[in-house]
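Trainee: Can you read through this structure? Questions will come right after.
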Amino acid sequence: MQAEIINAMSPDAELFQAYSNRTQSMENRSMQVPRGDRRTVGQATVENPKVRCENVDIFYDLGEKKAINNITLDIGQNEVIAMIGPSGCGKSTFLRSMNRMNDTIEGCRMDGKIFLEGKNIYDKDVDVVPLRAQVGMVFQKPNPFPKSIYDNVAYGPKIHGLVRTKNQTDEIVEHSLIRAGLWEEVKDRLDKPGTGLSGGQQQRLCIARTIAVGPEVILMDEPCSALDPIATAIIEDLMDELRKEYSIVIVTHSMQQASRVSQRTAFFHLGDLIEIGPTEQIFLNPIHQLTQDYITGRFG
Amino acid sequence: MNNSLSPSRTLDIVHKGLKRRVNAERRFRLCGLFAIIFSLVCLSTLFVSIFVNGYTAFFQTHIQLTVFLDPDKIDTPNIMDADFSGMVKQSLRTKFPDVKSRKDKRKLYALVSSGAAYQLMDIVKEYPQKIGSEIQVWVPADDDVDMLMKGHIKRNVKESDRRLNDAQISWIETFEEQGKIRKQFNFTFFTSGDSREPELSGVRGAVSGSFLTLIITLVLSFPIGVATAVYLEEFAPKNRWTDLIEVNINNLAAVPSIVFGLLGLAVFLNFFGLPRSSPMVGGFVLTLMTLPTIIIAGRASLKSVPPSIREAALGIGASKTQMVCHHVLPLAMPGMLTGTIIGMAQALGETAPLLMIGMVAFIVDIPGSITDPSTVLPVQIFLWADSPERAFLEKTSAAIMVLLFFLITMNAAAVILRRKFEKKW
Amino acid sequence: MKKSLFVVMVIVCALLSIGVVDSSFAGASRDYISIVGSSTVYPFATVVAEKFGKSSGFKTPKIESTGSGGGHKLFGSGVGVQHPDITNSSRRIKKSEFEKANKNGVTGIVEVKIGYDGIVVANSKKTAVLKLTRRDLYLALAAQVPNPDGSQILISNPYRTWKDVNASLPALKIEVLGPPPTSGTRDAFVELAMEGGAKKFAFIKAMKKIDKKKYKAVCHMVREDGAYIEAGENDNLIVQKLIANPNALGIFGFSFLDQNTDKIQGSFIDGVEPTFEAIADGSYPVSRPLFFYVKKAHVDKIPGIREFLKEFTSEKAWGDEGYLTDKGLIPMPVAERKKYRSAVENLTELALSDL
């Protein structure tokens, strides 16, 4: 964390600079909420949310281990919401509950409700297949299929039956790659394996693959942690662009990234949602003692 | 806590132990090298000895005879009944007219294989117009003559110590002087089935039997094995039952193959009443034997498919079956194929379970379907190795070569298939 | 997509092939003769089968080498196409086997003796020929032998060299390679050579009447201290080991000696050399008759059985100069051949009282 704070002195992290300058004064100020208080601080709900999570509990190992403790959180329309917190705080688990990827984990159980546009996705009659088409996911490590670039993007539309003809497929592939900012780089080698691209390109290919199915929400689980700063910058710009059409939830360990790309930030700690609020407020003026400790690098 | 270890001291200590470490490393590598050389020497000794013993079997001594196809002796519609061996004997008597005594005549007739008569029969069947004329024909020599020509029987030992007496050797020398005895490529070895006469025996029956048996094995064990592996690895819940199944499959892989033979005897022959000695039952038994190998290999290769690929597919909204069929299975297929071919190779070399279901048998006719009685290559090797005739020794080695050829081909196919599948990505 | 199609196709193929198989064996009949039994008779039966198959127009009989006991078990398990028609045997059928076969519905059994087989004790030509007696063989190879001091007590075999057994023999270490207990050759050797030798001791002979079990054990138990080496069923292997080790003796069928006369020689037993003639006239003591048994119920049901029997019992096959003698079969005297040929022609049934 120390290193990250030093790195944060890059020119484009103005917000962060401002925050750093004020760190000194914050240290001595007494917080409104002490460390021991585990209740969520801040406004967790929004008007007309895309996704509404209500009292979500998640357990691992057949209920032995509680990973997420009674979290209520809304994801707004066309916003990027960042989830930060120390390793093992449950932010990825929570993220994965939004498209039911946790279903694939043996012994994982979820209580509570998650509404996608008013429909509880954990209802018995909900099929995960259309749900995951609606709520796409980009993973930590770029994981293109070992197929051609074209097939990578075309795969989702094909299995969902979104395309009937070759022309339609071509169109959707091109459109998705353009949206993911990869078209110019790969248009001449669509038949080459997706695994032959560089790390950043692979991750953008994964984003293209996700948006090819036409999702409404995109979940990103530390999408840049395996990438170099240049690739990271490209993806971050892309997120800003994608926000116009989709709601994006991003889990990140990089606070600069959270501050750069998100409108709201949620701070998780040991399975609790500690603080949620506008990104600027979380970084410049955290209310909870734990949040302040984390962003100033006291722990984590 | 380690203040006493200043950097220079650390370096000293490291330097002191360095030589020992370098030596240990060298020793370790030498051990490995030695192991490889040892196994190579063993392998090449095996190959060389088999080759040296067996290559002569690819050639067979033939003798040229002038045979008169006596029209009095051949009844045209019933060619089978004609006394062709009498014609062969007549031809030998004409060639050596001074052989008079009954005993000597027997010795003379023994020079030519009993297969000569069948060869004449085939000629007459194909060209009936030749009846009544004299024909020149190369017929196979008896196995003892063959052994003599190949040097396995020495001419200079005492007469009582060899299977050919002095008179026989002098007749052979007459043939040699006239250029009427020669070694030629042994097509019989590849075109005919088993025989009790070494010069007439071949591996085709056993090869066909092996082929039919393996086809059955492959057709059954591959889909069943893959389906089992996929279900256990991807779909089955992890509970006590699946643990039990897993333990059992691993145990089955180590069960001696004869046990599968006993099972086959009890279930397929005695209960279902399937035909004894047939490639079908052989294939069933070998399927039982190879299944655990394929399942274990299949599960291992499914496990080795990175979970990120599964997540990627699920994350887009692929169903579990789509994920398995479109992504996991193709990636696991090279490993599964390798496992299958290793299992097949194992099955190809198996004799013990086939003993119980009657495939260790003397079968001359070449099997044409999966219900015909048949034997397999390793069984043929086993049977020949146990035959008293000296000439079967080289046949045994030659049959081993044929078996090795198939094994090498199969393993090469495994490598090629794997490469081909992997190239796609 | 293609992959899943492929998998489905493979499964369909598998099911189809099972279906085809299913229909093909329903109501199956057999058009070839099925023969099982002794590995000693196997080389002779196969020659006849091959000649028969090539010259008769019938299919070549299938011959499995299961051992005499295994053969009788299969043979006596019932009547029907799934059961063999003929079993070869290097000994006569046992009463128990006969009764069991009767119980399973196999009633008409025709017994055919085909000739004799000699069991030889041979060594490499590099060493001198041994002149052994059955007594020597018993003393050298039995687990328990009479105490050499002359008292009638059985002790575990103390002999190390042939000279210990019989002063006229060379001082060679006793080292005999022979077949394992599963082999018919071993049975015959123990019965003919060792029991024959043991009977030379009056008190052992007397034991037969008192305690038959003990008598059998004394005569038939082969020593297990390393002097007798079980070399497996493969007689060729024994021949090769003899060539490699000139001091060892080997026990196997006469045909293997016949095929390897340049490398090995048969020891004299009771003063008789194992030759074709000596075995044929019965002067060589360690020889046994060979048989096969035919299921009468199968004759005329399975095509070719009559013709096969005719071929087997023809003079050109089992006669004095028949092709079976080339393979090492020792022919029966003319009268005996005549007797069994007529048994085959009339399909004379074997009765329990004959055994």
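Identifiers for the structure tokens are assigned positionally: chains receive A, B, ... in sequence, residues are indexed from 1 per chain, and ligands are indexed from 1 in the order shown.
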Tell me which protein, DNA and RNA residues are within 10 Å of Asp72 (chain B), counting only C-alpha atoms, leaving out same-chain ones fewer than 3 positions away, and put them as a count of residues only.
Mentor: 6
Trainee: For Asp320 (chain C), list every protein, DNA or RNA residue within 8 Å, evaluated using only C-alpha atoms, and leave out those in the same chain fewer than 4 positions away; present the list as a short mmCIF file (atom, residue, chain, number, x, y, z; two decimals) with C-alpha atoms, in the first residue's frame.
Mentor:
data_model
loop_
_atom_site.label_atom_id
_atom_site.label_comp_id
_atom_site.auth_asym_id
_atom_site.auth_seq_id
_atom_site.Cartn_x
_atom_site.Cartn_y
_atom_site.Cartn_z
CA GLU C 315 -3.72 -94.85 -40.92
CA THR C 325 4.39 -89.67 -35.85
CA PRO C 331 1.58 -94.97 -32.40
#
Trainee: When the cut-off is 12 Å and we count only C-alpha atoms, which residues of chain A are near chain C, given as a PyMOL selection string?
Mentor: chain A and resi 155+158-159
Trainee: Pull out every residue of chain B that has at least one atom within 12 Å of chain A, counting only C-alpha atoms, and report them as a PDB file with N, CA and C atoms, in the first residue's frame.
Mentor:
ATOM      1  N   GLU B 234     -17.306 -33.262 -13.843  1.00  0.00           N
ATOM      2  CA  GLU B 234     -17.971 -31.983 -14.073  1.00  0.00           C
ATOM      3  C   GLU B 234     -19.361 -31.902 -13.435  1.00  0.00           C
ATOM      4  N   PHE B 235     -20.050 -33.003 -13.352  1.00  0.00           N
ATOM      5  CA  PHE B 235     -21.446 -32.915 -12.944  1.00  0.00           C
ATOM      6  C   PHE B 235     -21.740 -33.528 -11.582  1.00  0.00           C
ATOM      7  N   ALA B 236     -21.059 -34.636 -11.277  1.00  0.00           N
ATOM      8  CA  ALA B 236     -21.439 -35.359 -10.070  1.00  0.00           C
ATOM      9  C   ALA B 236     -21.145 -34.521  -8.834  1.00  0.00           C
ATOM     10  N   PRO B 237     -22.056 -34.564  -7.868  1.00  0.00           N
ATOM     11  CA  PRO B 237     -21.760 -33.871  -6.612  1.00  0.00           C
ATOM     12  C   PRO B 237     -20.628 -34.595  -5.907  1.00  0.00           C
ATOM     13  N   LYS B 238     -19.841 -33.840  -5.156  1.00  0.00           N
ATOM     14  CA  LYS B 238     -18.746 -34.490  -4.428  1.00  0.00           C
ATOM     15  C   LYS B 238     -19.290 -34.970  -3.090  1.00  0.00           C
ATOM     16  N   ASN B 239     -19.619 -36.230  -3.019  1.00  0.00           N
ATOM     17  CA  ASN B 239     -20.077 -36.758  -1.744  1.00  0.00           C
ATOM     18  C   ASN B 239     -19.501 -38.147  -1.510  1.00  0.00           C
ATOM     19  N   VAL B 305      -7.648 -28.853 -17.312  1.00  0.00           N
ATOM     20  CA  VAL B 305      -8.191 -27.703 -18.044  1.00  0.00           C
ATOM     21  C   VAL B 305      -8.344 -26.558 -17.048  1.00  0.00           C
ATOM     22  N   PRO B 306      -7.742 -25.384 -17.344  1.00  0.00           N
ATOM     23  CA  PRO B 306      -7.751 -24.317 -16.343  1.00  0.00           C
ATOM     24  C   PRO B 306      -9.172 -23.881 -15.993  1.00  0.00           C
ATOM     25  N   PRO B 307      -9.433 -23.617 -14.709  1.00  0.00           N
ATOM     26  CA  PRO B 307     -10.780 -23.207 -14.309  1.00  0.00           C
ATOM     27  C   PRO B 307     -11.189 -21.887 -14.944  1.00  0.00           C
ATOM     28  N   SER B 308     -10.195 -21.093 -15.348  1.00  0.00           N
ATOM     29  CA  SER B 308     -10.549 -19.801 -15.936  1.00  0.00           C
ATOM     30  C   SER B 308     -11.371 -19.981 -17.205  1.00  0.00           C
ATOM     31  N   ILE B 309     -11.093 -21.072 -17.942  1.00  0.00           N
ATOM     32  CA  ILE B 309     -11.851 -21.323 -19.173  1.00  0.00           C
ATOM     33  C   ILE B 309     -13.307 -21.646 -18.828  1.00  0.00           C
ATOM     34  N   ARG B 310     -13.472 -22.444 -17.757  1.00  0.00           N
ATOM     35  CA  ARG B 310     -14.838 -22.775 -17.346  1.00  0.00           C
ATOM     36  C   ARG B 310     -15.574 -21.495 -16.945  1.00  0.00           C
ATOM     37  N   GLU B 311     -14.885 -20.646 -16.154  1.00  0.00           N
ATOM     38  CA  GLU B 311     -15.529 -19.411 -15.691  1.00  0.00           C
ATOM     39  C   GLU B 311     -15.873 -18.527 -16.868  1.00  0.00           C
ATOM     40  N   ALA B 312     -14.945 -18.466 -17.835  1.00  0.00           N
ATOM     41  CA  ALA B 312     -15.192 -17.613 -18.993  1.00  0.00           C
ATOM     42  C   ALA B 312     -16.467 -18.040 -19.694  1.00  0.00           C
ATOM     43  N   ALA B 313     -16.596 -19.356 -19.884  1.00  0.00           N
ATOM     44  CA  ALA B 313     -17.771 -19.847 -20.604  1.00  0.00           C
ATOM     45  C   ALA B 313     -19.031 -19.599 -19.792  1.00  0.00           C
ATOM     46  N   LEU B 314     -18.968 -19.936 -18.491  1.00  0.00           N
ATOM     47  CA  LEU B 314     -20.149 -19.727 -17.650  1.00  0.00           C
ATOM     48  C   LEU B 314     -20.493 -18.252 -17.574  1.00  0.00           C
ATOM     49  N   GLY B 315     -19.453 -17.403 -17.506  1.00  0.00           N
ATOM     50  CA  GLY B 315     -19.657 -15.968 -17.352  1.00  0.00           C
ATOM     51  C   GLY B 315     -20.407 -15.356 -18.525  1.00  0.00           C
ATOM     52  N   ILE B 316     -20.270 -15.971 -19.697  1.00  0.00           N
ATOM     53  CA  ILE B 316     -20.993 -15.467 -20.860  1.00  0.00           C
ATOM     54  C   ILE B 316     -22.421 -15.974 -20.856  1.00  0.00           C
ATOM     55  N   GLY B 317     -22.664 -17.021 -20.082  1.00  0.00           N
ATOM     56  CA  GLY B 317     -24.018 -17.552 -20.052  1.00  0.00           C
ATOM     57  C   GLY B 317     -24.138 -18.894 -20.725  1.00  0.00           C
ATOM     58  N   ALA B 318     -23.008 -19.581 -20.904  1.00  0.00           N
ATOM     59  CA  ALA B 318     -23.088 -20.942 -21.442  1.00  0.00           C
ATOM     60  C   ALA B 318     -23.646 -21.846 -20.355  1.00  0.00           C
ATOM     61  N   SER B 319     -24.457 -22.827 -20.758  1.00  0.00           N
ATOM     62  CA  SER B 319     -24.933 -23.782 -19.771  1.00  0.00           C
ATOM     63  C   SER B 319     -23.773 -24.725 -19.451  1.00  0.00           C
ATOM     64  N   LYS B 320     -23.973 -25.519 -18.417  1.00  0.00           N
ATOM     65  CA  LYS B 320     -22.876 -26.389 -18.000  1.00  0.00           C
ATOM     66  C   LYS B 320     -22.488 -27.369 -19.113  1.00  0.00           C
ATOM     67  N   THR B 321     -23.513 -27.900 -19.774  1.00  0.00           N
ATOM     68  CA  THR B 321     -23.235 -28.840 -20.858  1.00  0.00           C
ATOM     69  C   THR B 321     -22.492 -28.154 -21.988  1.00  0.00           C
ATOM     70  N   GLN B 322     -22.913 -26.916 -22.314  1.00  0.00           N
ATOM     71  CA  GLN B 322     -22.215 -26.177 -23.370  1.00  0.00           C
ATOM     72  C   GLN B 322     -20.772 -25.926 -22.967  1.00  0.00           C
ATOM     73  N   MET B 323     -20.593 -25.541 -21.711  1.00  0.00           N
ATOM     74  CA  MET B 323     -19.235 -25.296 -21.228  1.00  0.00           C
ATOM     75  C   MET B 323     -18.378 -26.545 -21.414  1.00  0.00           C
ATOM     76  N   HIS B 326     -18.176 -27.510 -25.405  1.00  0.00           N
ATOM     77  CA  HIS B 326     -17.517 -26.566 -26.302  1.00  0.00           C
ATOM     78  C   HIS B 326     -16.099 -26.241 -25.883  1.00  0.00           C
ATOM     79  N   HIS B 327     -15.845 -26.272 -24.601  1.00  0.00           N
ATOM     80  CA  HIS B 327     -14.542 -25.771 -24.159  1.00  0.00           C
ATOM     81  C   HIS B 327     -13.716 -26.792 -23.416  1.00  0.00           C
ATOM     82  N   VAL B 328     -14.312 -27.412 -22.405  1.00  0.00           N
ATOM     83  CA  VAL B 328     -13.518 -28.294 -21.554  1.00  0.00           C
ATOM     84  C   VAL B 328     -13.127 -29.570 -22.293  1.00  0.00           C
ATOM     85  N   PRO B 330     -12.957 -30.341 -25.601  1.00  0.00           N
ATOM     86  CA  PRO B 330     -11.927 -30.216 -26.646  1.00  0.00           C
ATOM     87  C   PRO B 330     -10.525 -30.020 -26.056  1.00  0.00           C
ATOM     88  N   LEU B 331     -10.441 -29.274 -24.965  1.00  0.00           N
ATOM     89  CA  LEU B 331      -9.125 -29.057 -24.376  1.00  0.00           C
ATOM     90  C   LEU B 331      -8.605 -30.334 -23.709  1.00  0.00           C
ATOM     91  N   PHE B 421      -4.367 -31.956 -32.372  1.00  0.00           N
ATOM     92  CA  PHE B 421      -5.400 -31.307 -31.577  1.00  0.00           C
ATOM     93  C   PHE B 421      -4.880 -30.062 -30.905  1.00  0.00           C
ATOM     94  N   GLU B 422      -3.626 -30.146 -30.473  1.00  0.00           N
ATOM     95  CA  GLU B 422      -3.077 -29.002 -29.742  1.00  0.00           C
ATOM     96  C   GLU B 422      -2.762 -27.846 -30.671  1.00  0.00           C
ATOM     97  N   LYS B 423      -2.448 -28.146 -31.920  1.00  0.00           N
ATOM     98  CA  LYS B 423      -2.072 -27.109 -32.868  1.00  0.00           C
ATOM     99  C   LYS B 423      -3.209 -26.112 -33.061  1.00  0.00           C
ATOM    100  N   LYS B 424      -4.413 -26.600 -32.951  1.00  0.00           N
ATOM    101  CA  LYS B 424      -5.566 -25.742 -33.202  1.00  0.00           C
ATOM    102  C   LYS B 424      -5.581 -24.506 -32.304  1.00  0.00           C
ATOM    103  N   TRP B 425      -5.080 -24.620 -31.113  1.00  0.00           N
ATOM    104  CA  TRP B 425      -5.214 -23.491 -30.202  1.00  0.00           C
ATOM    105  C   TRP B 425      -4.074 -22.511 -30.395  1.00  0.00           C
TER     106      TRP B 425
END
Trainee: Taking only region 160-231 of chain C into account, list the residues labelled strand (DSSP E or B) by DSSP (computed from the backbone), as a ChimeraX atom specification.
Mentor: /C:161,173,176-178,222,228-230
Trainee: Could you write out the selected residues, including all heavy atoms, as a compact mmCIF listing (two decimals), in the first residue's frame?
Mentor:
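Output (out27.txt):
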# COMPACT_ATOMS: atom_id res chain seq x y z
N THR C 161 23.87 -84.73 -4.46
CA THR C 161 24.40 -85.03 -5.80
C THR C 161 23.86 -86.38 -6.25
O THR C 161 23.35 -87.16 -5.47
CB THR C 161 25.93 -85.12 -5.80
OG1 THR C 161 26.32 -86.27 -5.05
CG2 THR C 161 26.57 -83.89 -5.19
N LYS C 173 25.63 -82.10 -9.09
CA LYS C 173 24.57 -81.59 -8.22
C LYS C 173 23.20 -81.95 -8.82
O LYS C 173 23.04 -81.92 -10.03
CB LYS C 173 24.70 -80.06 -8.13
CG LYS C 173 24.05 -79.46 -6.92
CD LYS C 173 24.32 -77.96 -6.88
CE LYS C 173 23.05 -77.22 -6.66
NZ LYS C 173 22.96 -75.94 -7.29
N VAL C 176 17.09 -80.32 -11.43
CA VAL C 176 16.16 -80.80 -12.43
C VAL C 176 15.12 -79.72 -12.74
O VAL C 176 14.48 -79.19 -11.85
CB VAL C 176 15.43 -82.08 -11.95
CG1 VAL C 176 14.44 -82.55 -13.01
CG2 VAL C 176 16.44 -83.18 -11.67
N LEU C 177 15.03 -79.41 -14.02
CA LEU C 177 14.03 -78.43 -14.46
C LEU C 177 12.80 -79.19 -14.93
O LEU C 177 12.92 -80.10 -15.76
CB LEU C 177 14.57 -77.61 -15.62
CG LEU C 177 15.86 -76.83 -15.34
CD1 LEU C 177 16.57 -76.51 -16.64
CD2 LEU C 177 15.54 -75.56 -14.59
N GLY C 178 11.66 -78.83 -14.40
CA GLY C 178 10.47 -79.56 -14.81
C GLY C 178 9.24 -78.71 -14.78
O GLY C 178 9.28 -77.55 -14.35
N VAL C 222 6.99 -83.69 -4.60
CA VAL C 222 8.30 -83.34 -5.15
C VAL C 222 9.00 -82.41 -4.18
O VAL C 222 8.37 -81.55 -3.57
CB VAL C 222 8.13 -82.69 -6.53
CG1 VAL C 222 9.45 -82.17 -7.05
CG2 VAL C 222 7.54 -83.68 -7.51
N TYR C 228 14.54 -79.38 -7.42
CA TYR C 228 13.59 -79.43 -8.53
C TYR C 228 13.14 -77.99 -8.81
O TYR C 228 12.63 -77.30 -7.94
CB TYR C 228 12.38 -80.29 -8.15
CG TYR C 228 11.37 -80.43 -9.27
CD1 TYR C 228 11.49 -81.45 -10.20
CD2 TYR C 228 10.30 -79.54 -9.40
CE1 TYR C 228 10.57 -81.57 -11.23
CE2 TYR C 228 9.39 -79.66 -10.42
CZ TYR C 228 9.53 -80.69 -11.34
OH TYR C 228 8.62 -80.80 -12.36
N ILE C 229 13.39 -77.56 -10.03
CA ILE C 229 13.08 -76.18 -10.36
C ILE C 229 11.88 -76.16 -11.30
O ILE C 229 11.92 -76.75 -12.39
CB ILE C 229 14.28 -75.50 -11.04
CG1 ILE C 229 15.49 -75.56 -10.10
CG2 ILE C 229 13.96 -74.05 -11.38
CD1 ILE C 229 16.79 -75.62 -10.82
N GLU C 230 10.83 -75.49 -10.88
CA GLU C 230 9.65 -75.40 -11.75
C GLU C 230 9.93 -74.39 -12.84
O GLU C 230 10.12 -73.21 -12.59
CB GLU C 230 8.42 -75.00 -10.92
CG GLU C 230 7.91 -76.19 -10.14
CD GLU C 230 6.71 -75.87 -9.30
OE1 GLU C 230 6.17 -74.75 -9.44
OE2 GLU C 230 6.33 -76.72 -8.49
Trainee: Would you give me, as a PyMOL selection string, the residues in region 18-209 of chain B that DSSP reads as alpha helix (DSSP H)?
Mentor: chain B and resi 18-54+84-95+102-109+115-126+143-149+166-177+188-191+204-209
Trainee: Taking only C-alpha atoms into account, name the residue in C:Arg341, C:Lys103, C:Lys62, C:Arg223 that is nearest to chain B.
Mentor: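 Checking each of C:Arg341, C:Lys103, C:Lys62, C:Arg223 against chain B, counting only C-alpha atoms, the winner is C:Lys62.
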Trainee: Please identify all polymer residues within 7 Å of region 385-387 of chain B, counting only C-alpha atoms, omitting same-chain residues fewer than 6 positions from it, and present them as a list in words.
Mentor: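 In the requested format, the answer is Leu393 and Thr396 of chain B; Asn234, Asp235 and Asn236 of chain C.
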